[in-house]
Structures are given as C-alpha cells and as structure tokens.
Amino acid sequence: MRTLLAALLAAPFIACAQSYPAKPVRIIVPFAPGGGSDLAGRLVAAKLSERLGAQFIVDNRPGAGSNLGAELAVKAPADGYTLLLISASYTVNPSVYKLSFDPLNDITPIIQISGGPYVVAVHPSVPANTLAEFVALVKKQPDKYAYGSSGNGSIMHVASEYFLDAAKIKVLHIPYKGTGPAVQDTIGGQVQLVFGAVPVTLPHVKAGRLRALAVTTSKRIAAAPDLPTVEEVGYPGYEVTNWHGLVGPKGLPRDIVARLNKEIGEVVKGDEMKKNLVAEGLEPAGGSPERFGEILKNEMARWAKVVQQAGIKVD
C-alpha cells in the first residue's frame, strides 16, 4: 500500500519532468548583449534548444546593476519557463543596493556554468614586472597610482579593494561605466591598474598595451599559464572568480531543477563548450544545485564584509 501511494505521489513529478519543456523557455540575461554573461547565456541556450527540443531564448534586460532583470526573473511564475543567468556581481549587489527581493530565498539555484579569473594588469609605463614590485611602488609613492573599475559597487571594484586591503595599500579608485572603458583608460595611462575580465584584458596584454601581473583565481589558467595567481605571490586565501550560473524563481519544481542541472552539466563538459569557454578565459564548472546555493551564500557574506570595510557605496 505504501509503495503504491509513493508511486501515485511521484507520478505527477515524473510526468512533469518528461513533458518539460513544452513551450519556449526564456533565459533573462540582466546585462547588455556582447558581454561575458550574454555569451554564457547564449551558449547554454543554443545547446539546451538542441538537446531538449524546445527553444531557449535569451532575453537581455540590463539596468540598475543587473537588478532590473533579476527582479523580473525572480517574480516570474516558478514553472521553469523563466530562468535567470547570474554572474559574480549578483553576490555583491545585496551589499550595495536596496533590493526589492531576497537574493537567496527568492531563487532556486540550478547550476554554476563557468568560472574564471580577473587579470591584474598595469600600464606598461609602471615600473613593476610583478605584483610584489607594484605593491612596493605604491608604498613608496602612495598618491601616484589609480585603478579603474566598471563602476561603484561592481565586482571589479570590490575585487580590487579586497586585494588592496590584503596588501595594506591605498590606490585611488576611478569608476567607469563598464569594463571596456576601464580597460581602455588603463591602456591610455589615465589609470595605472585594472582587474579586468580575461576576454577584455588578455588581448591587450598579448599586444603589449598592458602588462599582466597575476590572475585572481586559486589556479593558473590555460589561456595564460605563465601568469601566477595572486595567492602564489604572497597573499594566501585571496581568490576571486568571475563566474556565471543559472537560477530560477523560488519554488521551481525539483524535477525541473534536476533535469536542467543534468542537461547543463553535460553541456558544459562537452568539447565544444569547453573550447568556447577557454577562448574566453573561462572553464566549465557544473556541480549540484546545493553546491551552487552554498557558493551564493558564502560569496554574499564575504562581499558584505569587504563592502563594509572599504566603505563602498553606490552613488
């Protein structure tokens, strides 16, 4: 009797999993087209469309530091037909913005898609070939150097301040409206230091327009194997990952979560996806929904401390 009851209770979930998706699925990317988040969203959407026989469509909804698109997604019906592509900045936003939703309890984690470093780079005129040499320069001339970020309260901003605190140095912060302008002004010499995303920064390093000093992940990357990690050069525990992942609204059915996790996990481990991600300085991630949820929780707690210590505010 108990076995029959359990089977009857499980039947609707099995049927739901087998029939999903029965119509197009929207993946909200809360950034403008052309960036790293947009690329990750489109790569996953294309592969899921092939594998699951229904359209997965990217819907770019930039604005308010990615909170506009996030709010739209978390308030959508929890039926699996509206998903949200998030990046590392999602875990910074609760500390710098007044949100209209709970960034942990109003979502359902699905999977981490990718992860990669930021490149710590300086203008070639800076007389430092290593991160240790740059720190020594700043200590000798504390008012001479400035760094660029993609804006107040951005992941680039807090990652930079996290390092400056670890190194016990002060460098003037110049906020820009995006990663591109920050990197361009570092190339131009208006600022001397930048923590830039790999696809935006590394081509300029290879062309000699910037000098790379380190990467922010705990391991070196295939795209630049000679670059040491920040941790390697004397800052134990320093690690910042530029990641992307997929979530849904709170209450997303467990069978839909399990199916999406399985399918995307297989996609990101595939040779084509690996090739595309590595070209962008990223690596496939994967893992369980529970693991991704823990990452979100831990990252939010860490960045809250950094924001408070550095006095970071959004104008």
# chains A, B, ... in the order shown; residues from 1 in each chain; ligands from 1
>>> closest_atom_pairs(of="range 240-289 of chain A", to="range 31-54 of chain A", cutoff="9 Å", atoms="only C-alpha atoms", output="CSV")
residue,atom,partner,partner_atom,distance
A:Trp243,CA,A:Ser37,CA,8.9
A:His244,CA,A:Ser37,CA,6.7
A:Gly245,CA,A:Ala40,CA,8.7
A:Leu246,CA,A:Gly41,CA,8.7
A:Leu260,CA,A:Leu48,CA,8.7
A:Glu263,CA,A:Leu48,CA,7.3
A:Ile264,CA,A:Val44,CA,7.1
A:Val267,CA,A:Lys47,CA,6.8
A:Val268,CA,A:Val44,CA,8.0
A:Met273,CA,A:Leu43,CA,7.4
A:Asn276,CA,A:Leu43,CA,8.4
A:Leu277,CA,A:Ala40,CA,8.1
A:Glu280,CA,A:Gly36,CA,8.0
>>> write_last_selection(atoms="C-alpha atoms", output="PDB file, in the first residue's frame")
ATOM      1  CA  TRP A 243      31.606  33.033 -12.662  1.00  0.00           C
ATOM      2  CA  HIS A 244      28.222  32.553 -14.321  1.00  0.00           C
ATOM      3  CA  GLY A 245      25.325  30.374 -13.255  1.00  0.00           C
ATOM      4  CA  LEU A 246      21.643  29.691 -13.738  1.00  0.00           C
ATOM      5  CA  LEU A 260      18.195  21.321 -16.137  1.00  0.00           C
ATOM      6  CA  GLU A 263      21.482  18.672 -19.130  1.00  0.00           C
ATOM      7  CA  ILE A 264      23.568  21.803 -18.490  1.00  0.00           C
ATOM      8  CA  VAL A 267      26.676  20.635 -21.950  1.00  0.00           C
ATOM      9  CA  VAL A 268      29.423  22.481 -20.059  1.00  0.00           C
ATOM     10  CA  MET A 273      31.529  24.287 -24.806  1.00  0.00           C
ATOM     11  CA  ASN A 276      34.275  28.308 -26.357  1.00  0.00           C
ATOM     12  CA  LEU A 277      34.763  28.936 -22.644  1.00  0.00           C
ATOM     13  CA  GLU A 280      37.107  33.496 -23.142  1.00  0.00           C
TER      14      GLU A 280
END
>>> closest_residue(among="A:His157, A:Lys168, A:Arg61, A:Lys144", to="Val194 in chain A", atoms="only C-alpha atoms")
A:His157
>>> residues_around(residues="Ile155 in chain A", least_positions_apart="4", cutoff="10 Å", atoms="only C-alpha atoms", output="ChimeraX atom specification")
/A:87-93,149-151,159-161,195,240-242,303
>>> write_last_selection(atoms="N, CA and C atoms", output="mmCIF file, in the first residue's frame")
data_model
loop_
_atom_site.group_PDB
_atom_site.id
_atom_site.type_symbol
_atom_site.label_atom_id
_atom_site.label_comp_id
_atom_site.auth_asym_id
_atom_site.auth_seq_id
_atom_site.Cartn_x
_atom_site.Cartn_y
_atom_site.Cartn_z
ATOM 1 N N SER A 87 25.797 36.393 -12.619
ATOM 2 C CA SER A 87 27.254 36.408 -12.579
ATOM 3 C C SER A 87 27.693 36.739 -11.157
ATOM 4 N N ALA A 88 29.004 36.828 -10.962
ATOM 5 C CA ALA A 88 29.553 37.090 -9.624
ATOM 6 C C ALA A 88 29.011 38.376 -9.018
ATOM 7 N N SER A 89 28.659 39.342 -9.860
ATOM 8 C CA SER A 89 28.150 40.618 -9.340
ATOM 9 C C SER A 89 26.840 40.446 -8.576
ATOM 10 N N TYR A 90 26.111 39.374 -8.864
ATOM 11 C CA TYR A 90 24.850 39.108 -8.165
ATOM 12 C C TYR A 90 25.064 39.012 -6.656
ATOM 13 N N THR A 91 26.236 38.493 -6.250
ATOM 14 C CA THR A 91 26.500 38.310 -4.819
ATOM 15 C C THR A 91 27.037 39.572 -4.150
ATOM 16 N N VAL A 92 27.393 40.570 -4.959
ATOM 17 C CA VAL A 92 27.824 41.869 -4.412
ATOM 18 C C VAL A 92 26.624 42.791 -4.224
ATOM 19 N N ASN A 93 25.671 42.707 -5.127
ATOM 20 C CA ASN A 93 24.551 43.652 -5.154
ATOM 21 C C ASN A 93 23.795 43.806 -3.839
ATOM 22 N N SER A 149 37.610 50.690 -12.487
ATOM 23 C CA SER A 149 36.658 49.587 -12.330
ATOM 24 C C SER A 149 35.459 49.842 -13.225
ATOM 25 N N SER A 150 34.562 48.871 -13.290
ATOM 26 C CA SER A 150 33.366 49.008 -14.126
ATOM 27 C C SER A 150 32.253 49.776 -13.427
ATOM 28 N N GLY A 151 32.552 50.359 -12.257
ATOM 29 C CA GLY A 151 31.572 51.188 -11.560
ATOM 30 C C GLY A 151 31.596 50.973 -10.060
ATOM 31 N N ALA A 159 36.588 43.427 -5.883
ATOM 32 C CA ALA A 159 37.746 42.540 -6.036
ATOM 33 C C ALA A 159 39.043 43.316 -5.864
ATOM 34 N N SER A 160 39.074 44.549 -6.408
ATOM 35 C CA SER A 160 40.260 45.397 -6.271
ATOM 36 C C SER A 160 40.471 45.808 -4.826
ATOM 37 N N GLU A 161 39.397 46.242 -4.164
ATOM 38 C CA GLU A 161 39.512 46.664 -2.769
ATOM 39 C C GLU A 161 39.882 45.494 -1.851
ATOM 40 N N PHE A 195 41.705 45.393 -12.659
ATOM 41 C CA PHE A 195 41.374 43.979 -12.512
ATOM 42 C C PHE A 195 40.350 43.687 -13.603
ATOM 43 N N VAL A 240 39.319 35.386 -6.268
ATOM 44 C CA VAL A 240 38.097 35.968 -6.809
ATOM 45 C C VAL A 240 37.822 35.300 -8.144
ATOM 46 N N THR A 241 36.636 34.737 -8.276
ATOM 47 C CA THR A 241 36.259 34.053 -9.509
ATOM 48 C C THR A 241 35.170 34.829 -10.226
ATOM 49 N N ASN A 242 35.376 35.008 -11.515
ATOM 50 C CA ASN A 242 34.378 35.621 -12.388
ATOM 51 C C ASN A 242 33.527 34.480 -12.943
ATOM 52 N N TRP A 303 31.511 39.302 0.445
ATOM 53 C CA TRP A 303 31.498 40.644 -0.137
ATOM 54 C C TRP A 303 30.854 41.672 0.792
#
>>> atom_distance(atom1="CA of Gly63 in chain A", atom2="CA of Gly251 in chain A")
25.5 Å
>>> closest_residue(among="A:Pro109, A:Pro21, A:Pro249, A:Gly196", to="Gly287 in chain A", atoms="only C-alpha atoms")
A:Pro109
>>> select_by_dssp(residues="range 240-269 of chain A", states="helix (DSSP H, G or I)", output="VMD selection string")
chain A and resid 254 to 269
>>> write_last_selection(atoms="C-alpha atoms", output="JSON list (two decimals), in the first residue's frame")
[["chain", "number", "residue", "atom", "x", "y", "z"],
["A", 254, "ARG", "CA", 12.60, 19.77, -8.09],
["A", 255, "ASP", "CA", 12.26, 17.56, -11.14],
["A", 256, "ILE", "CA", 12.74, 20.53, -13.47],
["A", 257, "VAL", "CA", 15.77, 21.66, -11.45],
["A", 258, "ALA", "CA", 17.22, 18.14, -11.64],
["A", 259, "ARG", "CA", 16.69, 17.92, -15.40],
["A", 260, "LEU", "CA", 18.20, 21.32, -16.14],
["A", 261, "ASN", "CA", 21.14, 20.59, -13.84],
["A", 262, "LYS", "CA", 21.79, 17.27, -15.60],
["A", 263, "GLU", "CA", 21.48, 18.67, -19.13],
["A", 264, "ILE", "CA", 23.57, 21.80, -18.49],
["A", 265, "GLY", "CA", 26.14, 19.76, -16.57],
["A", 266, "GLU", "CA", 26.62, 17.59, -19.66],
["A", 267, "VAL", "CA", 26.68, 20.63, -21.95],
["A", 268, "VAL", "CA", 29.42, 22.48, -20.06],
["A", 269, "LYS", "CA", 31.61, 19.38, -20.00]]
>>> closest_residue(among="A:Gly153, A:Pro175, A:Gly270, A:Pro94", to="Glu299 in chain A", atoms="only C-alpha atoms")
A:Pro94
>>> closest_residue(among="A:Gln141, A:Ser125, A:Thr179, A:Ser218", to="Gln192 in chain A", atoms="only C-alpha atoms")
A:Ser125
>>> closest_residue(among="A:Ala304, A:Val191, A:Val215, A:Val233", to="Pro124 in chain A", atoms="only C-alpha atoms")
A:Val191
>>> closest_residue(among="A:Ile57, A:Val306, A:Ala136, A:Ala167", to="Pro236 in chain A", atoms="only C-alpha atoms")
A:Ala167
>>> residues_around(residues="Val126 in chain A", least_positions_apart="5", cutoff="12 Å", atoms="only C-alpha atoms", output="compact mmCIF listing (two decimals) with N, CA and C atoms, in the first residue's frame")
# COMPACT_ATOMS: atom_id res chain seq x y z
N ALA A 121 46.35 43.80 -14.15
CA ALA A 121 47.21 44.34 -15.19
C ALA A 121 47.52 45.81 -14.93
N LEU A 131 53.59 41.57 -9.12
CA LEU A 131 52.63 42.19 -8.21
C LEU A 131 53.34 42.71 -6.96
N GLU A 133 56.34 43.90 -6.80
CA GLU A 133 57.01 45.16 -7.16
C GLU A 133 56.01 46.30 -7.23
N PHE A 134 54.79 46.02 -7.71
CA PHE A 134 53.77 47.07 -7.76
C PHE A 134 53.38 47.51 -6.36
N VAL A 135 53.19 46.57 -5.46
CA VAL A 135 52.84 46.90 -4.07
C VAL A 135 53.94 47.76 -3.45
N ALA A 136 55.20 47.41 -3.70
CA ALA A 136 56.32 48.19 -3.16
C ALA A 136 56.32 49.62 -3.71
N LEU A 137 55.99 49.77 -5.00
CA LEU A 137 55.91 51.10 -5.61
C LEU A 137 54.86 51.97 -4.92
N VAL A 138 53.69 51.38 -4.71
CA VAL A 138 52.59 52.13 -4.10
C VAL A 138 52.94 52.54 -2.67
N LYS A 144 50.42 58.31 -6.14
CA LYS A 144 50.76 58.37 -7.56
C LYS A 144 49.86 57.50 -8.44
N TYR A 145 49.23 56.48 -7.86
CA TYR A 145 48.58 55.47 -8.69
C TYR A 145 47.06 55.44 -8.49
N ALA A 146 46.37 55.05 -9.57
CA ALA A 146 44.91 54.92 -9.54
C ALA A 146 44.52 53.65 -10.28
N THR A 186 43.12 52.37 -18.83
CA THR A 186 44.38 51.80 -18.32
C THR A 186 45.38 51.73 -19.47
N ILE A 187 44.90 51.32 -20.64
CA ILE A 187 45.76 51.32 -21.83
C ILE A 187 46.25 52.73 -22.14
N GLY A 189 46.71 55.11 -20.02
CA GLY A 189 47.54 55.65 -18.95
C GLY A 189 46.83 56.60 -18.01
N GLN A 190 45.51 56.81 -18.21
CA GLN A 190 44.77 57.68 -17.29
C GLN A 190 44.67 57.04 -15.90
N VAL A 191 44.60 55.71 -15.85
CA VAL A 191 44.76 54.97 -14.60
C VAL A 191 45.85 53.93 -14.84
N GLN A 192 46.42 53.43 -13.76
CA GLN A 192 47.59 52.56 -13.92
C GLN A 192 47.31 51.08 -13.66
N LEU A 193 46.19 50.78 -13.02
CA LEU A 193 45.92 49.41 -12.60
C LEU A 193 44.47 49.04 -12.92
N ARG A 209 50.02 46.28 -24.89
CA ARG A 209 49.41 47.52 -24.44
C ARG A 209 49.17 47.54 -22.92
N LEU A 210 49.20 46.36 -22.32
CA LEU A 210 49.10 46.22 -20.87
C LEU A 210 50.12 45.18 -20.43
N ARG A 211 50.50 45.24 -19.14
CA ARG A 211 51.38 44.22 -18.58
C ARG A 211 50.62 43.47 -17.49
N ALA A 212 50.45 42.18 -17.68
CA ALA A 212 49.74 41.36 -16.69
C ALA A 212 50.67 40.96 -15.56
N LEU A 213 50.15 41.03 -14.33
CA LEU A 213 50.94 40.68 -13.16
C LEU A 213 50.47 39.40 -12.48
>>> atom_distance(atom1="CA of Asn152 in chain A", atom2="CA of Tyr97 in chain A")
10.8 Å
>>> select_by_dssp(residues="range 96-296 of chain A", states="strand (DSSP E)", output="VMD selection string")
chain A and resid 107 to 115 118 to 122 146 to 149 172 to 175 193 to 197 211 to 215 244 to 249 283 to 286
>>> atom_distance(atom1="CA of Gln184 in chain A", atom2="CA of Asn67 in chain A")
25.8 Å
>>> residues_around(residues="range 78-81 of chain A", least_positions_apart="2", cutoff="10 Å", atoms="only C-alpha atoms", output="PyMOL selection string")
chain A and resi 20-27+56+73-76+83+107-108+247-253+256-257+260
>>> write_last_selection(atoms="C-alpha atoms", output="PDB file, in the first residue's frame")
ATOM      1  CA  TYR A  20       9.243  19.784 -19.830  1.00  0.00           C
ATOM      2  CA  PRO A  21       9.792  21.962 -21.775  1.00  0.00           C
ATOM      3  CA  ALA A  22       6.510  22.063 -23.648  1.00  0.00           C
ATOM      4  CA  LYS A  23       6.996  25.643 -24.892  1.00  0.00           C
ATOM      5  CA  PRO A  24       9.841  28.183 -25.319  1.00  0.00           C
ATOM      6  CA  VAL A  25      11.942  28.943 -22.228  1.00  0.00           C
ATOM      7  CA  ARG A  26      13.181  32.464 -21.569  1.00  0.00           C
ATOM      8  CA  ILE A  27      16.641  32.956 -20.055  1.00  0.00           C
ATOM      9  CA  PHE A  56      15.611  28.508 -25.105  1.00  0.00           C
ATOM     10  CA  ALA A  73      13.008  36.801 -13.216  1.00  0.00           C
ATOM     11  CA  VAL A  74      12.510  36.091  -9.511  1.00  0.00           C
ATOM     12  CA  LYS A  75       8.947  37.432  -9.652  1.00  0.00           C
ATOM     13  CA  ALA A  76       8.025  35.244 -12.642  1.00  0.00           C
ATOM     14  CA  LEU A  83      15.212  31.423 -15.811  1.00  0.00           C
ATOM     15  CA  ILE A 107      15.507  31.996  -6.026  1.00  0.00           C
ATOM     16  CA  THR A 108      16.126  28.338  -6.793  1.00  0.00           C
ATOM     17  CA  VAL A 247      18.826  30.122 -11.221  1.00  0.00           C
ATOM     18  CA  GLY A 248      15.049  30.160 -11.289  1.00  0.00           C
ATOM     19  CA  PRO A 249      12.324  31.699  -9.141  1.00  0.00           C
ATOM     20  CA  LYS A 250      11.657  30.348  -5.656  1.00  0.00           C
ATOM     21  CA  GLY A 251       9.681  27.106  -5.688  1.00  0.00           C
ATOM     22  CA  LEU A 252      10.910  25.792  -9.038  1.00  0.00           C
ATOM     23  CA  PRO A 253       9.837  22.111  -9.157  1.00  0.00           C
ATOM     24  CA  ILE A 256      12.740  20.532 -13.472  1.00  0.00           C
ATOM     25  CA  VAL A 257      15.768  21.663 -11.452  1.00  0.00           C
ATOM     26  CA  LEU A 260      18.195  21.321 -16.137  1.00  0.00           C
TER      27      LEU A 260
END
>>> decode(residues="range 50-68 of chain A", atoms="C-alpha atoms", output="short mmCIF file (atom, residue, chain, number, x, y, z; two decimals), in the first residue's frame")
data_model
loop_
_atom_site.label_atom_id
_atom_site.label_comp_id
_atom_site.auth_asym_id
_atom_site.auth_seq_id
_atom_site.Cartn_x
_atom_site.Cartn_y
_atom_site.Cartn_z
CA GLU A 50 19.28 21.24 -29.40
CA ARG A 51 19.07 18.73 -26.55
CA LEU A 52 15.55 19.34 -25.25
CA GLY A 53 13.68 20.04 -28.48
CA ALA A 54 12.26 23.41 -27.44
CA GLN A 55 13.54 26.94 -27.88
CA PHE A 56 15.61 28.51 -25.10
CA ILE A 57 15.64 32.23 -25.82
CA VAL A 58 17.98 34.83 -24.31
CA ASP A 59 16.21 37.99 -23.17
CA ASN A 60 18.66 40.82 -22.37
CA ARG A 61 17.33 43.08 -19.61
CA PRO A 62 20.18 45.38 -18.50
CA GLY A 63 19.84 48.10 -15.89
CA ALA A 64 20.32 49.01 -12.22
CA GLY A 65 23.49 46.95 -11.86
CA SER A 66 21.71 43.83 -13.22
CA ASN A 67 18.95 44.13 -10.61
CA LEU A 68 16.28 45.06 -13.15
#
